[in-house]
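Below is upload-v3.txt, holding compact mmCIF, C-alpha atoms.
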# COMPACT_ATOMS: atom_id res chain seq x y z
CA MET A 1 28.96 176.75 80.75
CA GLY A 2 30.72 178.32 83.73
CA ALA A 3 32.99 176.89 86.37
CA ALA A 4 32.18 174.09 88.76
CA ILE A 5 31.86 175.65 92.21
CA ALA A 6 33.78 173.79 94.91
CA ASP A 7 31.74 172.87 97.99
CA GLY A 8 34.17 173.55 100.82
CA LYS A 9 31.54 172.92 103.45
CA ALA A 10 30.84 169.39 102.18
CA LEU A 11 34.53 168.50 102.02
CA ALA A 12 35.10 169.96 105.49
CA SER A 13 32.23 167.89 106.84
CA SER A 14 33.76 164.75 105.36
CA ILE A 15 37.16 165.53 106.93
CA GLU A 16 35.56 166.28 110.30
CA LYS A 17 33.67 162.97 110.27
CA GLU A 18 36.96 161.15 109.72
CA VAL A 19 38.53 163.15 112.54
CA SER A 20 35.59 162.27 114.80
CA ARG A 21 36.24 158.58 114.25
CA GLY A 22 39.90 159.05 115.08
CA VAL A 23 39.04 161.01 118.23
CA ALA A 24 36.67 158.28 119.36
CA ASP A 25 39.38 155.64 118.88
CA LEU A 26 41.85 157.71 120.90
CA MET A 27 39.35 158.23 123.70
CA ASP A 28 38.82 154.47 123.86
CA SER A 29 42.54 154.21 124.60
CA GLY A 30 42.35 156.84 127.34
CA ILE A 31 43.48 159.93 125.41
CA SER A 32 41.12 162.92 125.09
CA PRO A 33 42.38 165.27 122.36
CA ARG A 34 42.36 168.88 123.55
CA LEU A 35 42.93 172.15 121.72
CA ALA A 36 43.82 175.34 123.59
CA VAL A 37 43.14 178.63 121.79
CA VAL A 38 44.67 181.85 123.08
CA ILE A 39 43.01 185.10 122.02
CA VAL A 40 44.34 188.53 122.92
CA GLY A 41 41.94 191.48 122.80
CA GLU A 42 38.45 191.87 121.38
CA ASP A 43 38.91 191.98 117.61
CA PRO A 44 35.44 191.05 116.21
CA ALA A 45 36.76 189.05 113.26
CA SER A 46 39.11 187.08 115.52
CA ARG A 47 36.21 186.32 117.83
CA VAL A 48 34.21 184.91 114.90
CA TYR A 49 37.13 182.73 113.81
CA VAL A 50 37.61 181.42 117.34
CA ARG A 51 33.92 180.58 117.69
CA ASN A 52 34.03 178.67 114.40
CA LYS A 53 37.01 176.67 115.67
CA GLN A 54 35.27 175.91 118.95
CA ARG A 55 32.19 174.68 117.10
CA ALA A 56 34.35 172.43 114.91
CA CYS A 57 35.91 170.99 118.08
CA GLU A 58 32.42 170.21 119.39
CA ARG A 59 31.49 168.45 116.15
CA CYS A 60 34.66 166.35 116.26
CA GLY A 61 34.57 165.53 119.96
CA ILE A 62 37.76 167.48 120.68
CA LYS A 63 37.98 169.29 124.02
CA SER A 64 38.34 173.03 123.50
CA THR A 65 39.83 175.49 125.97
CA LEU A 66 39.71 179.24 125.34
CA ILE A 67 42.27 181.44 127.09
CA GLU A 68 41.24 185.09 126.85
CA MET A 69 43.85 187.77 127.46
CA PRO A 70 43.36 191.55 127.61
CA GLU A 71 44.44 193.75 124.70
CA SER A 72 47.08 195.28 126.96
CA SER A 73 48.90 191.94 127.31
CA THR A 74 52.64 192.15 126.80
CA GLN A 75 54.72 189.79 124.70
CA GLU A 76 56.18 188.31 127.88
CA GLU A 77 52.67 187.58 129.20
CA VAL A 78 51.57 185.91 125.97
CA ILE A 79 54.75 183.81 125.86
CA ALA A 80 54.29 182.83 129.52
CA THR A 81 50.76 181.64 128.72
CA VAL A 82 52.04 179.57 125.79
CA GLU A 83 54.83 178.06 127.90
CA GLY A 84 52.26 177.02 130.51
CA LEU A 85 50.25 175.23 127.82
CA ASN A 86 53.43 173.60 126.49
CA ALA A 87 53.98 172.13 129.94
CA ASP A 88 50.40 170.85 130.31
CA PRO A 89 50.26 167.21 129.17
CA SER A 90 46.47 167.37 128.80
CA VAL A 91 46.83 169.96 126.00
CA HIS A 92 47.70 168.47 122.62
CA GLY A 93 47.26 171.50 120.35
CA ILE A 94 48.00 175.18 120.90
CA LEU A 95 46.82 178.02 118.69
CA VAL A 96 47.38 181.74 119.28
CA GLN A 97 44.78 183.64 117.27
CA SER A 98 46.18 186.21 114.85
CA PRO A 99 46.40 189.17 114.73
CA ILE A 100 47.79 189.88 118.19
CA PRO A 101 47.31 193.55 119.12
CA GLY A 102 50.01 195.85 120.42
CA ASP A 103 53.73 195.28 120.08
CA VAL A 104 53.64 191.50 120.39
CA ASN A 105 55.91 189.81 117.83
CA GLU A 106 53.85 187.01 116.32
CA LEU A 107 56.91 185.25 114.91
CA GLU A 108 58.44 185.00 118.36
CA VAL A 109 55.18 183.71 119.83
CA ALA A 110 54.91 181.07 117.10
CA SER A 111 58.49 180.02 117.81
CA VAL A 112 57.70 179.42 121.50
CA ILE A 113 54.86 176.97 120.85
CA SER A 114 56.07 173.39 121.08
CA PRO A 115 56.49 172.00 117.54
CA LEU A 116 54.58 168.93 118.70
CA LYS A 117 51.59 171.09 119.70
CA ASP A 118 51.85 173.63 116.87
CA VAL A 119 48.55 172.83 115.16
CA ASP A 120 48.77 175.99 113.03
CA GLY A 121 51.98 174.60 111.52
CA PHE A 122 53.86 177.91 111.84
CA HIS A 123 56.75 176.89 114.10
CA PRO A 124 60.11 177.21 112.29
CA ALA A 125 60.73 173.49 112.81
CA ASN A 126 57.46 172.55 111.11
CA LEU A 127 57.93 175.01 108.26
CA GLY A 128 61.51 173.78 107.91
CA ARG A 129 60.29 170.24 107.39
CA LEU A 130 58.39 171.46 104.34
CA VAL A 131 61.62 172.81 102.86
CA GLN A 132 63.09 169.33 103.29
CA GLY A 133 60.11 167.81 101.49
CA ASP A 134 58.74 166.21 104.66
CA PHE A 135 54.96 166.58 104.72
CA SER A 136 54.33 164.07 107.51
CA GLY A 137 54.17 166.60 110.34
CA LEU A 138 51.80 169.40 111.34
CA LEU A 139 51.18 171.32 108.12
CA PRO A 140 49.89 174.91 107.84
CA CYS A 141 46.14 174.49 107.71
CA THR A 142 45.19 176.69 104.77
CA PRO A 143 47.80 175.36 102.30
CA ALA A 144 47.05 171.80 103.40
CA GLY A 145 43.36 172.46 102.89
CA VAL A 146 43.95 173.88 99.42
CA VAL A 147 45.91 170.79 98.39
CA ARG A 148 43.12 168.60 99.75
CA MET A 149 40.54 170.57 97.78
CA LEU A 150 42.55 170.33 94.57
CA GLU A 151 43.03 166.60 95.02
CA HIS A 152 39.31 166.21 95.69
CA SER A 153 38.50 168.20 92.53
CA GLY A 154 40.22 165.65 90.31
CA VAL A 155 42.63 168.15 88.75
CA ARG A 156 45.88 166.69 87.42
CA LEU A 157 48.52 168.19 89.67
CA THR A 158 51.59 166.40 88.33
CA GLY A 159 53.31 168.72 85.88
CA ALA A 160 50.58 171.35 86.15
CA LYS A 161 51.62 175.00 86.02
CA ALA A 162 50.54 176.69 89.25
CA ALA A 163 50.70 180.39 90.08
CA VAL A 164 50.64 181.25 93.78
CA LEU A 165 49.82 184.91 94.34
CA GLY A 166 51.28 186.00 97.66
CA ARG A 167 54.38 184.92 99.59
CA SER A 168 53.29 185.06 103.23
CA ARG A 169 54.64 182.54 105.75
CA ILE A 170 51.04 181.57 106.51
CA VAL A 171 49.82 180.74 103.00
CA GLY A 172 51.94 181.67 99.99
CA MET A 173 55.35 180.22 100.80
CA PRO A 174 54.21 176.93 102.39
CA MET A 175 51.61 176.61 99.62
CA SER A 176 54.36 176.81 97.00
CA LEU A 177 56.47 174.21 98.78
CA MET A 178 53.57 171.79 99.10
CA LEU A 179 52.55 172.11 95.46
CA ALA A 180 56.12 171.62 94.25
CA GLY A 181 56.83 168.74 96.62
CA LYS A 182 57.23 165.12 95.57
CA GLY A 183 53.88 163.43 95.29
CA VAL A 184 52.13 166.60 94.14
CA ASP A 185 54.75 167.65 91.58
CA ALA A 186 53.30 170.86 90.18
CA THR A 187 55.54 173.48 88.60
CA VAL A 188 55.12 176.59 90.73
CA THR A 189 55.57 180.31 90.08
CA ILE A 190 55.41 182.58 93.14
CA VAL A 191 53.85 185.93 92.28
CA HIS A 192 54.42 188.88 94.61
CA SER A 193 54.37 192.68 94.72
CA ARG A 194 57.56 192.98 92.64
CA THR A 195 56.58 190.45 89.99
CA GLN A 196 56.31 191.79 86.46
CA ASP A 197 53.66 190.80 83.93
CA VAL A 198 51.45 189.10 86.50
CA GLU A 199 48.54 188.80 84.09
CA SER A 200 50.59 186.73 81.60
CA ILE A 201 51.84 184.40 84.34
CA CYS A 202 48.28 183.78 85.48
CA LYS A 203 47.02 183.35 81.93
CA GLU A 204 49.57 180.57 81.33
CA SER A 205 48.72 178.72 84.57
CA ASP A 206 46.56 175.64 84.94
CA ILE A 207 46.04 176.47 88.63
CA ILE A 208 45.82 179.91 90.24
CA ILE A 209 45.91 180.32 94.01
CA ALA A 210 45.13 183.86 95.10
CA ALA A 211 46.20 184.83 98.63
CA ILE A 212 46.87 188.56 98.58
CA GLY A 213 43.93 190.06 100.47
CA ARG A 214 42.89 192.52 97.75
CA PRO A 215 39.25 192.16 96.65
CA HIS A 216 38.50 191.08 93.09
CA THR A 217 42.08 191.51 91.85
CA ILE A 218 42.07 188.46 89.58
CA LYS A 219 40.07 189.36 86.49
CA PRO A 220 38.53 187.06 83.87
CA ASP A 221 41.09 188.06 81.23
CA TRP A 222 43.88 186.87 83.56
CA VAL A 223 42.55 183.32 83.57
CA LYS A 224 43.04 180.53 81.07
CA SER A 225 39.86 178.80 79.95
CA GLY A 226 39.21 175.79 82.14
CA ALA A 227 41.77 176.73 84.81
CA TYR A 228 41.40 175.77 88.45
CA VAL A 229 41.13 178.88 90.62
CA VAL A 230 41.47 178.85 94.41
CA ASP A 231 40.44 182.03 96.23
CA VAL A 232 42.11 182.19 99.65
CA GLY A 233 41.64 185.92 100.19
CA ILE A 234 38.74 187.33 102.18
CA SER A 235 37.97 191.01 102.72
CA ARG A 236 34.96 192.92 103.97
CA MET A 237 33.64 195.47 101.48
CA ASP A 238 32.18 198.89 102.32
CA ASP A 239 28.68 197.43 102.09
CA GLY A 240 29.58 194.74 104.64
CA GLU A 241 29.72 191.90 102.12
CA LEU A 242 32.62 189.45 102.11
CA ALA A 243 34.76 189.35 98.96
CA GLY A 244 37.62 187.21 97.77
CA ASP A 245 40.68 188.08 95.72
CA VAL A 246 39.02 186.74 92.59
CA ASP A 247 36.47 188.70 90.56
CA PRO A 248 33.17 186.71 90.53
CA GLN A 249 33.11 186.90 86.71
CA VAL A 250 36.14 184.61 86.62
CA ALA A 251 33.61 181.81 87.09
CA ASP A 252 32.58 182.35 83.46
CA VAL A 253 36.10 181.41 82.29
CA ALA A 254 37.52 178.98 84.84
CA GLY A 255 36.74 175.28 84.90
CA TRP A 256 36.61 175.06 88.71
CA ILE A 257 36.61 177.74 91.39
CA THR A 258 36.30 178.06 95.15
CA PRO A 259 33.65 180.46 96.47
CA VAL A 260 34.04 183.12 99.17
CA PRO A 261 32.69 182.41 101.70
CA GLY A 262 32.14 178.65 101.84
CA GLY A 263 35.27 177.55 100.02
CA VAL A 264 38.73 177.41 101.57
CA GLY A 265 37.62 178.68 105.01
CA PRO A 266 35.68 175.61 106.21
CA VAL A 267 38.37 173.25 104.92
CA THR A 268 41.08 175.23 106.75
CA ILE A 269 39.25 174.70 110.04
CA ALA A 270 38.79 171.00 109.25
CA MET A 271 42.54 170.70 108.71
CA LEU A 272 43.08 172.32 112.12
CA MET A 273 40.95 169.54 113.61
CA GLU A 274 43.01 166.96 111.71
CA ASN A 275 46.25 168.50 113.03
CA THR A 276 44.91 168.41 116.58
CA LEU A 277 44.12 164.72 116.19
CA THR A 278 47.61 164.08 114.78
CA ALA A 279 49.20 165.96 117.69
CA ALA A 280 47.19 163.90 120.18
CA ARG A 281 48.20 160.66 118.47
CA ASN A 282 51.85 161.69 118.65
CA SER A 283 51.72 162.77 122.30
Mind turning this structure into structure tokens?
Amino acid sequence: MGAAIADGKALASSIEKEVSRGVADLMDSGISPRLAVVIVGEDPASRVYVRNKQRACERCGIKSTLIEMPESSTQEEVIATVEGLNADPSVHGILVQSPIPGDVNELEVASVISPLKDVDGFHPANLGRLVQGDFSGLLPCTPAGVVRMLEHSGVRLTGAKAAVLGRSRIVGMPMSLMLAGKGVDATVTIVHSRTQDVESICKESDIIIAAIGRPHTIKPDWVKSGAYVVDVGISRMDDGELAGDVDPQVADVAGWITPVPGGVGPVTIAMLMENTLTAARNS
């Protein structure tokens, strides 16, 4: 029969409508949620991502401020910009668009953002809360969006075997912590470049989350019949088309799958809006 195709755009729209109501309530009390986005350089893909975030802010009623910095910006200049936003009480959320060109250390920049304004959820304090099993703060947007999509799908997460392919600080590691945390309670295997027998691990998993950035790596014979497959990866092919980490033919085997594009991406941005609202409420 083929897999059910998740509608990330519809779920994102639902989340954004809820955020809009929360923003309206805050504005009635005199608080106008505001997101500041810092972009360094002219990377075309980054520009697209930033525009999509600005449009989501417009839909939700969140004020959006774009700070554009030249590609030649030094780490000290980027950090000084972030510190200025930290000190501005009218700014509730701060996001520095990745990748940052040049020799700028993104980890250091993320560590400078106030944890209370860290709407990407990458500050060590916010990631550390995940290790402690505290999911009440500002969560990394993509993993939080994936959990929301899985919950929305109706999959049984408690006791499910989940394989997370990739161990980045942005997706893989926080994703694993969130899936294994109390209240979700999946049994998680982290798959990375040194993992042996990856195909067998995937084949035994009820849920596969692919976040490695290599097009069409996950093949149909890696996937258990009826499994839930989340494709986080996105790459541009030689012909200009966008491709995920999962081979499209996996849809013939899986029970549920997220498309690329139109799957995880829109929900990630919706979670950014939700984090901005949370940061404004906590200000």
Using all atoms listed in the file, determine which residues lie at most 12 Å from A:Asn86, disregarding the query and same-chain residues fewer than 4 positions distant; provide the list as a list in words.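 Using all atoms listed in the file, the neighbours found are Leu35, Ala36, Ile79, Ala80, Thr81, Val82, Ser90, Val91, His92, Gly93, Ile94, Leu95, Ser111, Val112, Ile113, Ser114, Pro115, Leu116, Lys117, Asp118 and Ser283 of chain A.
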Here is a test: counting all atoms listed in the file, which residue of A:Val109, A:Arg167, A:Gly159, A:Arg129 is nearest to A:Glu83?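 The shortest atom-to-atom distance to A:Glu83 comes from A:Val109.
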Could you tell me, as a ChimeraX atom specification, which residues have any atom at most 12 Å from (56.7, 179.7, 104.1), counting only C-alpha atoms? /A:121-131,139-140,142-143,166-178,190
Between atom CA of A:Tyr228 and atom CA of A:Leu150, what distance in Å does the model show, to one decimal?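 Those two atoms sit 8.3 Å apart.
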In Å, with one decimal, what is the gap from atom CA of A:Ala270 to atom CA of A:Glu18?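 It comes out at 10.0 Å.
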Could you check which of A:Ala243, A:Val146, A:Ala160, A:Leu138 is closest to A:Val230, using only C-alpha atoms?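 Checking each candidate against A:Val230, we get A:Val146 as the closest.
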Between A:Val23, A:Met271, A:Ile207, A:Val78, which one has atoms that come closest to A:Gly145, using all atoms listed in the file?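 Answer, going by the shortest atom-to-atom distance: A:Met271.
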Output as a PDB file, in the coordinates of the input: stretch 131-160 of chain A, completed with N, CA and C atoms.
ATOM      1  N   VAL A 131      60.482 172.527 103.748  1.00  0.00           N
ATOM      2  CA  VAL A 131      61.620 172.810 102.860  1.00  0.00           C
ATOM      3  C   VAL A 131      62.371 171.527 102.538  1.00  0.00           C
ATOM      4  N   GLN A 132      62.412 170.617 103.499  1.00  0.00           N
ATOM      5  CA  GLN A 132      63.090 169.330 103.290  1.00  0.00           C
ATOM      6  C   GLN A 132      62.219 168.323 102.545  1.00  0.00           C
ATOM      7  N   GLY A 133      61.003 168.717 102.204  1.00  0.00           N
ATOM      8  CA  GLY A 133      60.110 167.810 101.490  1.00  0.00           C
ATOM      9  C   GLY A 133      59.403 166.825 102.384  1.00  0.00           C
ATOM     10  N   ASP A 134      59.395 167.093 103.697  1.00  0.00           N
ATOM     11  CA  ASP A 134      58.740 166.210 104.660  1.00  0.00           C
ATOM     12  C   ASP A 134      57.370 166.778 104.989  1.00  0.00           C
ATOM     13  N   PHE A 135      56.324 166.106 104.507  1.00  0.00           N
ATOM     14  CA  PHE A 135      54.960 166.580 104.720  1.00  0.00           C
ATOM     15  C   PHE A 135      54.221 165.726 105.750  1.00  0.00           C
ATOM     16  N   SER A 136      54.960 165.001 106.570  1.00  0.00           N
ATOM     17  CA  SER A 136      54.330 164.070 107.510  1.00  0.00           C
ATOM     18  C   SER A 136      53.957 164.720 108.836  1.00  0.00           C
ATOM     19  N   GLY A 137      54.401 165.965 109.054  1.00  0.00           N
ATOM     20  CA  GLY A 137      54.170 166.600 110.340  1.00  0.00           C
ATOM     21  C   GLY A 137      52.915 167.453 110.366  1.00  0.00           C
ATOM     22  N   LEU A 138      52.917 168.476 111.217  1.00  0.00           N
ATOM     23  CA  LEU A 138      51.800 169.400 111.340  1.00  0.00           C
ATOM     24  C   LEU A 138      51.947 170.481 110.273  1.00  0.00           C
ATOM     25  N   LEU A 139      51.084 170.427 109.274  1.00  0.00           N
ATOM     26  CA  LEU A 139      51.180 171.320 108.120  1.00  0.00           C
ATOM     27  C   LEU A 139      50.328 172.571 108.333  1.00  0.00           C
ATOM     28  N   PRO A 140      50.750 173.720 107.791  1.00  0.00           N
ATOM     29  CA  PRO A 140      49.890 174.910 107.840  1.00  0.00           C
ATOM     30  C   PRO A 140      48.515 174.602 107.272  1.00  0.00           C
ATOM     31  N   CYS A 141      47.488 175.001 107.997  1.00  0.00           N
ATOM     32  CA  CYS A 141      46.140 174.490 107.710  1.00  0.00           C
ATOM     33  C   CYS A 141      45.573 174.948 106.366  1.00  0.00           C
ATOM     34  N   THR A 142      45.776 176.224 106.028  1.00  0.00           N
ATOM     35  CA  THR A 142      45.190 176.690 104.770  1.00  0.00           C
ATOM     36  C   THR A 142      45.859 176.056 103.554  1.00  0.00           C
ATOM     37  N   PRO A 143      47.198 176.046 103.448  1.00  0.00           N
ATOM     38  CA  PRO A 143      47.800 175.360 102.300  1.00  0.00           C
ATOM     39  C   PRO A 143      47.435 173.873 102.238  1.00  0.00           C
ATOM     40  N   ALA A 144      47.423 173.218 103.398  1.00  0.00           N
ATOM     41  CA  ALA A 144      47.050 171.800 103.400  1.00  0.00           C
ATOM     42  C   ALA A 144      45.619 171.616 102.927  1.00  0.00           C
ATOM     43  N   GLY A 145      44.744 172.537 103.329  1.00  0.00           N
ATOM     44  CA  GLY A 145      43.360 172.460 102.890  1.00  0.00           C
ATOM     45  C   GLY A 145      43.206 172.693 101.403  1.00  0.00           C
ATOM     46  N   VAL A 146      44.000 173.620 100.863  1.00  0.00           N
ATOM     47  CA  VAL A 146      43.950 173.880  99.420  1.00  0.00           C
ATOM     48  C   VAL A 146      44.388 172.651  98.636  1.00  0.00           C
ATOM     49  N   VAL A 147      45.463 172.012  99.066  1.00  0.00           N
ATOM     50  CA  VAL A 147      45.910 170.790  98.390  1.00  0.00           C
ATOM     51  C   VAL A 147      44.819 169.726  98.455  1.00  0.00           C
ATOM     52  N   ARG A 148      44.201 169.584  99.615  1.00  0.00           N
ATOM     53  CA  ARG A 148      43.120 168.600  99.750  1.00  0.00           C
ATOM     54  C   ARG A 148      41.961 168.918  98.812  1.00  0.00           C
ATOM     55  N   MET A 149      41.633 170.192  98.687  1.00  0.00           N
ATOM     56  CA  MET A 149      40.540 170.570  97.780  1.00  0.00           C
ATOM     57  C   MET A 149      40.896 170.293  96.329  1.00  0.00           C
ATOM     58  N   LEU A 150      42.131 170.594  95.950  1.00  0.00           N
ATOM     59  CA  LEU A 150      42.550 170.330  94.570  1.00  0.00           C
ATOM     60  C   LEU A 150      42.548 168.839  94.276  1.00  0.00           C
ATOM     61  N   GLU A 151      43.052 168.054  95.210  1.00  0.00           N
ATOM     62  CA  GLU A 151      43.030 166.600  95.020  1.00  0.00           C
ATOM     63  C   GLU A 151      41.604 166.091  94.896  1.00  0.00           C
ATOM     64  N   HIS A 152      40.722 166.623  95.706  1.00  0.00           N
ATOM     65  CA  HIS A 152      39.310 166.210  95.690  1.00  0.00           C
ATOM     66  C   HIS A 152      38.636 166.614  94.378  1.00  0.00           C
ATOM     67  N   SER A 153      39.116 167.705  93.762  1.00  0.00           N
ATOM     68  CA  SER A 153      38.500 168.200  92.530  1.00  0.00           C
ATOM     69  C   SER A 153      38.782 167.306  91.330  1.00  0.00           C
ATOM     70  N   GLY A 154      39.848 166.505  91.433  1.00  0.00           N
ATOM     71  CA  GLY A 154      40.220 165.650  90.310  1.00  0.00           C
ATOM     72  C   GLY A 154      41.201 166.287  89.346  1.00  0.00           C
ATOM     73  N   VAL A 155      41.670 167.493  89.642  1.00  0.00           N
ATOM     74  CA  VAL A 155      42.630 168.150  88.750  1.00  0.00           C
ATOM     75  C   VAL A 155      43.932 167.336  88.703  1.00  0.00           C
ATOM     76  N   ARG A 156      44.569 167.340  87.550  1.00  0.00           N
ATOM     77  CA  ARG A 156      45.880 166.690  87.420  1.00  0.00           C
ATOM     78  C   ARG A 156      46.928 167.655  87.933  1.00  0.00           C
ATOM     79  N   LEU A 157      47.531 167.321  89.064  1.00  0.00           N
ATOM     80  CA  LEU A 157      48.520 168.190  89.670  1.00  0.00           C
ATOM     81  C   LEU A 157      49.923 167.958  89.122  1.00  0.00           C
ATOM     82  N   THR A 158      50.253 166.723  88.808  1.00  0.00           N
ATOM     83  CA  THR A 158      51.590 166.400  88.330  1.00  0.00           C
ATOM     84  C   THR A 158      51.897 167.139  87.026  1.00  0.00           C
ATOM     85  N   GLY A 159      52.921 167.977  87.071  1.00  0.00           N
ATOM     86  CA  GLY A 159      53.310 168.720  85.880  1.00  0.00           C
ATOM     87  C   GLY A 159      52.478 169.947  85.591  1.00  0.00           C
ATOM     88  N   ALA A 160      51.427 170.186  86.386  1.00  0.00           N
ATOM     89  CA  ALA A 160      50.580 171.350  86.150  1.00  0.00           C
ATOM     90  C   ALA A 160      51.339 172.637  86.472  1.00  0.00           C
TER      91      ALA A 160
END
